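Next up, run-v1.txt (compact mmCIF, C-alpha atoms):
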# COMPACT_ATOMS: atom_id res chain seq x y z
CA MET R 1 44.20 222.72 104.29
CA ILE R 2 44.77 220.20 107.02
CA LYS R 3 41.69 221.54 108.86
CA LEU R 4 39.58 221.09 105.76
CA VAL R 5 40.74 217.52 105.37
CA VAL R 6 39.91 216.76 109.01
CA ILE R 7 36.46 218.30 108.65
CA LEU R 8 35.67 216.33 105.49
CA THR R 9 36.91 213.15 107.14
CA CYS R 10 34.55 213.71 110.09
CA VAL R 11 31.66 214.46 107.78
CA PHE R 12 32.19 211.28 105.79
CA GLN R 13 32.36 209.26 109.01
CA ILE R 14 29.19 210.79 110.56
CA TRP R 15 27.01 211.03 107.42
CA PRO R 16 26.27 207.25 106.99
CA LYS R 17 25.23 207.02 110.64
CA CYS R 18 22.86 209.98 110.28
CA CYS R 19 21.34 208.50 107.15
CA ASN R 20 20.86 205.14 108.86
CA SER R 21 19.24 206.88 111.84
CA LEU R 22 16.83 208.80 109.61
CA THR R 23 15.95 205.68 107.70
CA THR R 24 15.33 203.77 110.92
CA ASP R 25 13.13 206.56 112.34
CA ASN R 26 11.05 206.71 109.16
CA GLY R 27 10.58 202.94 109.20
CA ASN R 28 9.43 203.03 112.82
CA ASP R 29 6.92 205.77 112.03
CA VAL R 30 5.47 203.70 109.21
CA ILE R 31 5.15 200.65 111.45
CA LEU R 32 3.52 202.69 114.22
CA ARG R 33 1.03 204.23 111.82
CA ARG R 34 0.21 200.80 110.45
CA LEU R 35 -0.36 199.44 113.95
CA ASP R 36 -2.65 202.37 114.81
CA PHE R 37 -4.68 201.72 111.66
CA LEU R 38 -5.03 198.01 112.48
CA GLU R 39 -6.08 198.75 116.06
CA ARG R 40 -8.78 201.17 114.90
CA ARG R 41 -10.02 198.64 112.37
CA MET R 42 -10.17 195.90 115.00
CA GLU R 43 -12.20 198.18 117.27
CA ARG R 44 -14.69 198.84 114.47
CA LEU R 45 -14.98 195.13 113.69
CA GLU R 46 -15.54 194.27 117.35
CA LYS R 47 -18.27 196.89 117.60
CA GLU R 48 -19.96 195.64 114.43
CA ASN R 49 -19.79 192.06 115.70
CA TYR R 50 -21.39 193.09 119.00
CA ASP R 51 -24.19 194.95 117.22
CA LEU R 52 -24.87 191.98 114.94
CA LYS R 53 -25.06 189.57 117.90
CA LYS R 54 -27.47 191.90 119.70
CA GLU R 55 -29.70 192.24 116.65
CA ASN R 56 -29.67 188.47 116.07
CA LYS R 57 -30.71 187.82 119.67
CA HIS R 58 -33.58 190.31 119.44
CA THR R 59 -34.80 188.84 116.13
CA ARG R 60 -34.73 185.31 117.54
CA THR R 61 -36.76 186.37 120.61
CA VAL R 62 -39.39 188.17 118.53
CA LEU R 63 -39.68 185.25 116.09
CA GLN R 64 -40.18 182.72 118.90
CA LYS R 65 -42.93 184.83 120.45
CA CYS R 66 -44.65 185.29 117.09
CA LEU R 67 -44.49 181.58 116.31
CA SER R 68 -46.11 180.89 119.68
CA THR R 69 -48.82 183.43 118.86
CA VAL R 70 -49.61 182.05 115.42
CA CYS R 71 -49.84 178.38 116.46
CA GLY R 72 -53.16 179.03 118.22
CA ALA R 73 -54.41 181.22 115.38
CA VAL R 74 -53.62 178.56 112.77
CA ASP R 75 -55.81 176.02 114.56
CA ASN R 76 -58.68 178.49 114.61
CA LEU R 77 -58.42 179.05 110.82
CA ASN R 78 -59.43 175.46 110.09
CA PRO R 79 -63.13 175.51 109.16
CA GLN R 80 -63.35 171.69 109.25
CA LYS R 81 -62.23 171.68 112.89
CA ARG R 82 -64.74 174.39 113.80
CA GLY R 83 -67.48 172.40 112.03
CA ASN R 84 -66.58 169.24 113.96
CA GLN R 85 -66.84 171.17 117.20
CA ASN R 86 -70.33 172.40 116.30
CA ARG R 87 -71.42 168.87 115.36
CA SER R 88 -69.98 167.45 118.56
CA SER R 89 -71.87 170.00 120.62
CA SER R 90 -75.17 169.09 118.92
CA ASN R 91 -74.59 165.34 119.21
CA ASN R 92 -73.81 165.43 122.92
CA THR R 93 -76.50 167.68 124.36
CA LEU R 94 -78.95 166.78 127.06
CA VAL R 95 -82.60 167.80 126.93
CA PRO R 96 -83.66 168.33 130.54
CA THR R 97 -86.88 170.01 131.48
CA PRO R 98 -86.65 173.22 133.55
CA ASN R 99 -87.42 171.18 136.72
CA GLN R 100 -84.69 168.63 136.12
CA SER R 101 -81.17 168.92 137.49
CA ILE R 102 -78.36 169.60 135.04
CA SER R 103 -75.89 166.79 134.32
CA ILE R 104 -72.47 167.21 132.81
CA VAL R 105 -71.83 165.69 129.40
CA LYS R 106 -68.74 163.52 129.21
CA PRO R 107 -66.53 163.87 126.12
CA THR R 108 -66.92 161.27 123.38
CA GLY R 109 -64.74 160.23 120.47
CA ILE R 110 -66.02 163.15 118.43
CA GLN R 111 -64.80 165.67 120.99
CA HIS R 112 -61.41 163.96 121.08
CA ASP R 113 -61.24 164.33 117.31
CA VAL R 114 -62.02 168.02 117.71
CA ASN R 115 -58.93 168.46 119.88
CA ASN R 116 -56.73 166.83 117.24
CA ASN R 117 -54.43 169.48 115.75
CA SER R 118 -53.70 167.57 112.55
CA GLY R 119 -54.87 168.69 109.13
CA ILE R 120 -53.94 172.38 109.01
CA ASN R 121 -55.61 173.95 106.00
CA PRO R 122 -53.72 175.88 103.29
CA ILE R 123 -54.65 179.21 104.87
CA GLY R 124 -52.87 178.24 108.07
CA GLN R 125 -49.82 177.04 106.15
CA GLU R 126 -49.68 180.31 104.24
CA LEU R 127 -49.90 182.25 107.51
CA LYS R 128 -46.89 180.37 108.90
CA LYS R 129 -44.94 181.00 105.68
CA ARG R 130 -45.64 184.73 105.86
CA LEU R 131 -44.54 184.80 109.48
CA LEU R 132 -41.23 183.14 108.65
CA LEU R 133 -40.71 185.69 105.88
CA GLY R 134 -40.81 188.49 108.41
CA SER R 135 -44.46 189.45 108.90
CA LEU R 136 -44.27 189.73 112.68
CA ALA R 137 -47.22 190.26 115.03
CA PRO R 138 -47.19 192.44 118.16
CA ASP R 139 -46.38 190.83 121.47
CA THR R 140 -49.74 190.71 123.25
CA ILE R 141 -49.84 186.99 123.95
CA GLN R 142 -48.52 187.19 127.51
CA HIS R 143 -51.47 189.28 128.72
CA VAL R 144 -55.03 188.06 128.19
CA ALA R 145 -58.20 189.73 129.46
CA PHE R 146 -61.57 190.50 127.91
CA ARG R 147 -65.05 191.69 128.83
CA ALA R 148 -68.07 191.53 126.51
CA TYR R 149 -71.81 192.05 126.91
CA THR R 150 -75.04 192.20 124.91
CA SER R 151 -75.75 195.76 123.83
CA LYS R 152 -79.06 194.85 122.18
CA PRO R 153 -81.79 192.33 123.06
CA ILE R 154 -82.20 188.94 121.41
CA SER R 155 -85.94 188.52 121.01
CA SER R 156 -86.09 184.76 120.56
CA LEU R 157 -83.22 182.37 121.34
CA GLY R 158 -82.94 179.35 119.09
CA ALA R 159 -81.98 175.79 120.04
CA HIS R 160 -78.31 175.62 121.06
CA GLN R 161 -77.91 179.22 119.87
CA ILE R 162 -74.52 180.74 120.70
CA VAL R 163 -74.85 184.03 122.56
CA GLU R 164 -72.84 186.61 120.67
CA TYR R 165 -71.79 189.28 123.14
CA ASP R 166 -71.43 192.05 120.59
CA ASN R 167 -70.06 194.95 122.67
CA VAL R 168 -66.42 194.32 123.69
CA PRO R 169 -64.98 197.20 125.76
CA LEU R 170 -61.91 195.15 126.73
CA ASN R 171 -60.04 192.56 124.66
CA VAL R 172 -56.35 192.42 125.61
CA GLY R 173 -54.67 189.75 123.51
CA ASN R 174 -57.62 189.51 121.07
CA ALA R 175 -58.64 186.13 122.51
CA TYR R 176 -62.38 186.85 122.28
CA ASP R 177 -63.99 186.54 118.82
CA ALA R 178 -67.03 188.84 118.82
CA ARG R 179 -68.14 187.54 115.40
CA HIS R 180 -68.81 184.05 116.77
CA GLY R 181 -69.04 184.63 120.53
CA HIS R 182 -66.05 182.37 121.26
CA PHE R 183 -63.17 182.81 123.68
CA ILE R 184 -60.09 181.01 122.28
CA SER R 185 -57.29 180.28 124.73
CA PRO R 186 -53.96 181.56 123.31
CA LEU R 187 -51.87 179.90 126.06
CA ASN R 188 -51.89 176.93 128.39
CA GLY R 189 -52.88 178.40 131.72
CA MET R 190 -55.37 179.07 134.50
CA TYR R 191 -58.14 181.47 133.51
CA LEU R 192 -60.73 183.15 135.72
CA PHE R 193 -64.15 183.34 134.05
CA SER R 194 -67.18 185.44 134.97
CA PHE R 195 -70.72 185.07 133.63
CA SER R 196 -73.82 187.07 134.45
CA VAL R 197 -77.40 186.93 133.18
CA ILE R 198 -80.52 188.96 133.92
CA ALA R 199 -84.18 188.17 133.27
CA GLU R 200 -86.82 190.83 132.92
CA PRO R 201 -90.06 190.66 134.97
CA SER R 202 -92.18 187.59 134.21
CA ASN R 203 -89.39 186.15 132.02
CA ARG R 204 -86.77 183.48 132.51
CA ILE R 205 -83.46 182.63 130.85
CA ALA R 206 -81.11 179.63 131.13
CA LEU R 207 -77.76 179.32 129.39
CA TRP R 208 -75.05 176.70 129.20
CA ILE R 209 -71.33 177.43 129.56
CA VAL R 210 -69.52 175.23 127.05
CA LEU R 211 -65.87 174.14 126.73
CA ASN R 212 -64.95 172.54 123.38
CA GLY R 213 -68.58 171.44 122.90
CA ASN R 214 -68.96 170.05 126.44
CA GLN R 215 -71.17 171.71 129.05
CA ILE R 216 -69.16 172.67 132.14
CA ASP R 217 -71.76 174.79 133.95
CA ALA R 218 -75.06 176.66 133.57
CA ILE R 219 -76.40 180.05 134.54
CA PHE R 220 -80.09 180.78 135.20
CA ALA R 221 -82.34 183.72 136.05
CA GLY R 222 -86.09 183.31 136.39
CA GLY R 223 -88.71 185.96 136.98
CA THR R 224 -91.81 184.01 135.98
CA GLY R 225 -94.77 185.39 137.89
CA ILE R 226 -92.60 187.95 139.67
CA ASN R 227 -92.71 191.61 138.74
CA ILE R 228 -88.99 192.22 139.33
CA HIS R 229 -85.74 191.64 137.49
CA THR R 230 -83.82 188.54 138.56
CA SER R 231 -80.16 187.79 137.87
CA GLN R 232 -77.32 185.39 138.54
CA THR R 233 -73.53 185.73 138.38
CA LYS R 234 -70.90 183.00 138.45
CA VAL R 235 -67.12 183.37 138.79
CA PHE R 236 -64.77 180.38 138.71
CA PRO R 237 -61.32 179.35 137.42
CA VAL R 238 -60.87 177.02 134.45
CA LEU R 239 -57.68 175.23 133.39
CA LEU R 240 -57.34 175.56 129.61
CA LYS R 241 -54.98 174.32 126.96
CA LYS R 242 -53.86 176.41 124.03
CA GLY R 243 -56.63 176.49 121.42
CA ASP R 244 -59.46 175.52 123.81
CA MET R 245 -62.74 177.31 123.09
CA VAL R 246 -65.30 178.57 125.62
CA TRP R 247 -68.70 179.99 124.74
CA VAL R 248 -72.27 180.41 126.02
CA ARG R 249 -75.38 178.95 124.36
CA THR R 250 -79.07 178.31 124.96
CA GLN R 251 -79.91 175.54 127.40
CA PRO R 252 -82.26 172.91 125.93
CA GLY R 253 -85.84 173.53 127.06
CA TYR R 254 -85.45 177.31 127.06
CA GLU R 255 -85.69 178.01 123.34
CA GLY R 256 -87.64 181.09 122.36
CA GLU R 257 -86.80 183.02 125.52
CA HIS R 258 -85.88 186.72 125.48
CA LEU R 259 -82.32 187.82 126.33
CA TYR R 260 -82.02 191.35 127.67
CA GLY R 261 -79.51 193.80 126.17
CA TYR R 262 -78.81 197.51 126.55
CA PRO R 263 -75.91 199.67 125.24
CA LYS R 264 -74.99 201.26 128.58
CA TYR R 265 -75.52 198.41 131.05
CA GLN R 266 -73.49 195.20 131.18
CA HIS R 267 -76.20 192.93 132.60
CA ASN R 268 -75.61 189.91 130.37
CA MET R 269 -71.83 189.65 130.44
CA PHE R 270 -69.04 187.20 129.58
CA ALA R 271 -65.50 187.94 130.84
CA ALA R 272 -62.18 186.21 131.50
CA VAL R 273 -58.60 186.97 132.53
CA LEU R 274 -55.41 184.88 132.42
CA LEU R 275 -54.23 184.34 136.00
CA TYR R 276 -51.00 182.60 135.04
CA SER R 277 -49.62 180.58 132.13
CA LEU R 278 -48.33 177.01 132.35

Would you give me this structure, written as structure tokens?
Amino acid sequence: MIKLVVILTCVFQIWPKCCNSLTTDNGNDVILRRLDFLERRMERLEKENYDLKKENKHTRTVLQKCLSTVCGAVDNLNPQKRGNQNRSSSNNTLVPTPNQSISIVKPTGIQHDVNNNSGINPIGQELKKRLLLGSLAPDTIQHVAFRAYTSKPISSLGAHQIVEYDNVPLNVGNAYDARHGHFISPLNGMYLFSFSVIAEPSNRIALWIVLNGNQIDAIFAGGTGINIHTSQTKVFPVLLKKGDMVWVRTQPGYEGEHLYGYPKYQHNMFAAVLLYSL
């Protein structure tokens, strides 16, 4: 009996401590599990935050490049500006005879108005809106190079007629417009241009190289009275601003001449490459 009393006494003394210990251990397990859950959640949030920052940076870079690309295209969509350039070219031409030396035309107030970027038409505004809504263009603006030539003859050149080099085997950056024969500078930079012309036997041809309606050079080939083909090639750098236009047209005094063209041979050629941007 005494032993039983001693045993019960010990049990009653030890039991509260065991219960407290179990309760404490269970509480610690709950806290540890909670901490593990919070740590895993923080890791997920940190990863999501990193991914969002990376995506935001990429979107910003692409948008900036596309905005730079569209600015030049918007200027070219303005028909009034293009019309002013054509009028300025016709109002500032010289009419030398074939024996006279060529003089360079200085820009007038009309040409300065042509370079004015104000007055973007609704089409250009709509293009900018669509870009901002997420219609992104490919990144080809940093690399510019083209080569075009006449694949068919032009039987009779008109006065101030623009030479449309219709076959375009190379057009990186889409800076050359084959529909109008214009090269449109997409970036401020130094460009290397190349022009070549060929005249058939007993024929002659003279063309002007034009920048924004102003003559900057001429190219000539003359085979009058000679039973051989004659040709000339010119290569030179030109410093251009974004939106500047370069094209080739008939030199005054040489209207009605024949311009040679053949699908396989690039005799009458117009080419350019961007050396570096500014």

**OP:** Compile the contact shell of stretch 156-160 of chain R as a PyMOL selection string: residues with an atom at most 10 Å away, counting all atoms listed in the file, same-chain residues fewer than 3 positions apart removed.
**Re:** chain R and resi 86+89-90+93+153+163+205+207-208+248-259

Residues just named, written with C-alpha atoms as a PDB file, keeping the file's coordinate frame:
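As a result, out19.pdb now contains:
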ATOM      1  CA  ASN R  86     -70.330 172.400 116.300  1.00  0.00           C
ATOM      2  CA  SER R  89     -71.870 170.000 120.620  1.00  0.00           C
ATOM      3  CA  SER R  90     -75.170 169.090 118.920  1.00  0.00           C
ATOM      4  CA  THR R  93     -76.500 167.680 124.360  1.00  0.00           C
ATOM      5  CA  PRO R 153     -81.790 192.330 123.060  1.00  0.00           C
ATOM      6  CA  VAL R 163     -74.850 184.030 122.560  1.00  0.00           C
ATOM      7  CA  ILE R 205     -83.460 182.630 130.850  1.00  0.00           C
ATOM      8  CA  LEU R 207     -77.760 179.320 129.390  1.00  0.00           C
ATOM      9  CA  TRP R 208     -75.050 176.700 129.200  1.00  0.00           C
ATOM     10  CA  VAL R 248     -72.270 180.410 126.020  1.00  0.00           C
ATOM     11  CA  ARG R 249     -75.380 178.950 124.360  1.00  0.00           C
ATOM     12  CA  THR R 250     -79.070 178.310 124.960  1.00  0.00           C
ATOM     13  CA  GLN R 251     -79.910 175.540 127.400  1.00  0.00           C
ATOM     14  CA  PRO R 252     -82.260 172.910 125.930  1.00  0.00           C
ATOM     15  CA  GLY R 253     -85.840 173.530 127.060  1.00  0.00           C
ATOM     16  CA  TYR R 254     -85.450 177.310 127.060  1.00  0.00           C
ATOM     17  CA  GLU R 255     -85.690 178.010 123.340  1.00  0.00           C
ATOM     18  CA  GLY R 256     -87.640 181.090 122.360  1.00  0.00           C
ATOM     19  CA  GLU R 257     -86.800 183.020 125.520  1.00  0.00           C
ATOM     20  CA  HIS R 258     -85.880 186.720 125.480  1.00  0.00           C
ATOM     21  CA  LEU R 259     -82.320 187.820 126.330  1.00  0.00           C
TER      22      LEU R 259
END

Original post:
Nearest to R:Thr150 among R:Ile219, R:Val197, R:Val62, R:Leu192, with distances taken over all atoms listed in the file: which residue is it?
Top reply: R:Val197

Original post:
Contacts of R:Glu164 at 12 Å or less, counting only C-alpha atoms, minus same-chain residues fewer than 5 places along, as an NGL selection string?
Top reply: :R and (148-154 or 157 or 176-183 or 247-250 or 259 or 261 or 268-270)

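Coordinates place atom CA of R:Ala206 at a distance of 23.2 Å from atom CA of R:Asp244.
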
Original post:
With all atoms listed in the file as the atoms that count, which of R:Asn188, R:Asn167, R:Asn227, R:Asn212 lies nearest to R:Gln266?
Top reply: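 Distance minimum relative to R:Gln266 lands on R:Asn167.
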
Subject >> Length of the atom CA of R:Glu200 to atom CA of R:Tyr260 vector [Å] >> reply: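 Atom-to-atom, atom CA of R:Glu200 to atom CA of R:Tyr260, that is 7.1 Å.
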
Around stretch 152-161 of chain R, fit a box with edges along x, y and z, padding it by 4 Å on each side, then list its centre and edge lengths in Å to one decimal as AutoDock Vina command-line options.
--center_x -82.0 --center_y 185.2 --center_z 121.1 --size_x 16.2 --size_y 27.2 --size_z 12.0

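A straight line drawn from atom CA of R:Gly213 to atom CA of R:Ala199 is 25.1 Å long.
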
**OP:** Have a look at R:Met245, R:Val210, R:Ile198, R:Val30 and name the one nearest to R:Ser185; count all atoms listed in the file.
**Re:** R:Met245

Subject >> Pick from R:Val144, R:Ala218, R:Val168, R:Leu278, whichever lies nearest to R:Thr233 using all atoms listed in the file >> reply: R:Ala218

**OP:** Give the answer as one residue: which of R:Met190, R:Ile228, R:Leu52, R:Ala175 has the shortest atom-to-atom distance to R:Arg204, using all atoms listed in the file?
**Re:** R:Ile228

**OP:** Skip stretch 237-240 of chain R itself and residues of its chain fewer than 6 positions away, then list as a list of chain:residue names all residues within 12 Å of it, counting only C-alpha atoms.
**Re:**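 My list of contacting residues is R:Phe183, R:Ile184, R:Ser185, R:Pro186, R:Leu187, R:Asn188, R:Gly189, R:Met190, R:Tyr191, R:Leu192, R:Phe193, R:Ser194, R:Phe195, R:Ile209, R:Val210, R:Leu211, R:Asn212, R:Ile216, R:Asp217, R:Val246, R:Ala271, R:Ala272, R:Val273, R:Leu274, R:Leu275, R:Tyr276, R:Ser277, R:Leu278.
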
Original post:
Leaving out R:Asn171 and any residue of its chain fewer than 3 positions from it, which residues lie within 6 Å of it when counting only C-alpha atoms, given as JSON, numbers by chain?
Top reply: {"R": [145, 146, 174]}

If I only have part of stretch 161-172 of chain R, can you fill in all heavy atoms and write it as a CSV table (one decimal), in the coordinates of the input?
chain,number,residue,atom,x,y,z
R,161,GLN,N,-78.4,178.0,120.5
R,161,GLN,CA,-77.9,179.2,119.9
R,161,GLN,C,-76.8,179.8,120.7
R,161,GLN,O,-76.9,179.9,121.9
R,161,GLN,CB,-79.0,180.3,119.7
R,161,GLN,CG,-78.5,181.6,119.1
R,161,GLN,CD,-79.7,182.6,118.9
R,161,GLN,OE1,-80.8,182.2,118.9
R,161,GLN,NE2,-79.3,183.8,118.8
R,162,ILE,N,-75.7,180.1,120.0
R,162,ILE,CA,-74.5,180.7,120.7
R,162,ILE,C,-74.9,182.2,121.0
R,162,ILE,O,-75.3,182.9,120.1
R,162,ILE,CB,-73.3,180.6,119.8
R,162,ILE,CG1,-72.9,179.2,119.6
R,162,ILE,CG2,-72.1,181.4,120.5
R,162,ILE,CD1,-71.7,179.0,118.6
R,163,VAL,N,-74.6,182.6,122.2
R,163,VAL,CA,-74.8,184.0,122.6
R,163,VAL,C,-73.7,184.8,122.1
R,163,VAL,O,-72.5,184.6,122.5
R,163,VAL,CB,-75.0,184.2,124.1
R,163,VAL,CG1,-75.3,185.7,124.4
R,163,VAL,CG2,-76.2,183.4,124.6
R,164,GLU,N,-73.9,185.8,121.2
R,164,GLU,CA,-72.8,186.6,120.7
R,164,GLU,C,-72.8,187.9,121.4
R,164,GLU,O,-73.7,188.8,121.2
R,164,GLU,CB,-73.0,186.8,119.2
R,164,GLU,CG,-72.9,185.6,118.3
R,164,GLU,CD,-73.2,185.8,116.9
R,164,GLU,OE1,-73.5,187.0,116.5
R,164,GLU,OE2,-73.1,184.8,116.1
R,165,TYR,N,-71.9,188.0,122.4
R,165,TYR,CA,-71.8,189.3,123.1
R,165,TYR,C,-71.1,190.3,122.2
R,165,TYR,O,-69.9,190.3,122.0
R,165,TYR,CB,-71.0,189.0,124.4
R,165,TYR,CG,-71.6,188.0,125.3
R,165,TYR,CD1,-71.4,186.6,125.2
R,165,TYR,CD2,-72.5,188.4,126.3
R,165,TYR,CE1,-72.0,185.7,126.0
R,165,TYR,CE2,-73.1,187.4,127.2
R,165,TYR,CZ,-72.8,186.1,127.0
R,165,TYR,OH,-73.4,185.2,127.8
R,166,ASP,N,-71.9,191.2,121.7
R,166,ASP,CA,-71.4,192.0,120.6
R,166,ASP,C,-70.6,193.3,121.0
R,166,ASP,O,-69.8,193.7,120.3
R,166,ASP,CB,-72.6,192.5,119.8
R,166,ASP,CG,-73.6,193.3,120.6
R,166,ASP,OD1,-74.1,192.8,121.6
R,166,ASP,OD2,-73.9,194.5,120.3
R,167,ASN,N,-70.8,193.8,122.2
R,167,ASN,CA,-70.1,195.0,122.7
R,167,ASN,C,-68.9,194.5,123.5
R,167,ASN,O,-69.0,193.8,124.5
R,167,ASN,CB,-70.9,195.9,123.5
R,167,ASN,CG,-70.4,197.3,123.6
R,167,ASN,OD1,-69.1,197.4,123.7
R,167,ASN,ND2,-71.2,198.3,123.6
R,168,VAL,N,-67.6,194.8,123.1
R,168,VAL,CA,-66.4,194.3,123.7
R,168,VAL,C,-65.6,195.5,124.1
R,168,VAL,O,-64.7,196.0,123.4
R,168,VAL,CB,-65.6,193.4,122.7
R,168,VAL,CG1,-64.5,192.7,123.5
R,168,VAL,CG2,-66.5,192.4,122.1
R,169,PRO,N,-65.8,196.1,125.3
R,169,PRO,CA,-65.0,197.2,125.8
R,169,PRO,C,-63.5,196.8,126.1
R,169,PRO,O,-62.7,197.7,126.2
R,169,PRO,CB,-65.8,197.7,127.0
R,169,PRO,CG,-66.5,196.5,127.5
R,169,PRO,CD,-66.8,195.7,126.3
R,170,LEU,N,-63.3,195.6,126.4
R,170,LEU,CA,-61.9,195.2,126.7
R,170,LEU,C,-61.6,193.8,126.0
R,170,LEU,O,-62.4,192.9,126.1
R,170,LEU,CB,-61.8,195.0,128.2
R,170,LEU,CG,-60.4,194.5,128.8
R,170,LEU,CD1,-59.4,195.5,128.6
R,170,LEU,CD2,-60.5,194.1,130.2
R,171,ASN,N,-60.4,193.8,125.3
R,171,ASN,CA,-60.0,192.6,124.7
R,171,ASN,C,-58.5,192.5,124.5
R,171,ASN,O,-58.0,192.6,123.4
R,171,ASN,CB,-60.7,192.4,123.3
R,171,ASN,CG,-60.6,191.0,122.7
R,171,ASN,OD1,-60.2,190.1,123.4
R,171,ASN,ND2,-61.0,190.9,121.5
R,172,VAL,N,-57.8,192.5,125.6
R,172,VAL,CA,-56.4,192.4,125.6
R,172,VAL,C,-55.9,191.0,125.1
R,172,VAL,O,-56.3,190.0,125.7
R,172,VAL,CB,-55.8,192.7,127.0
R,172,VAL,CG1,-54.3,192.6,127.0
R,172,VAL,CG2,-56.2,194.1,127.5
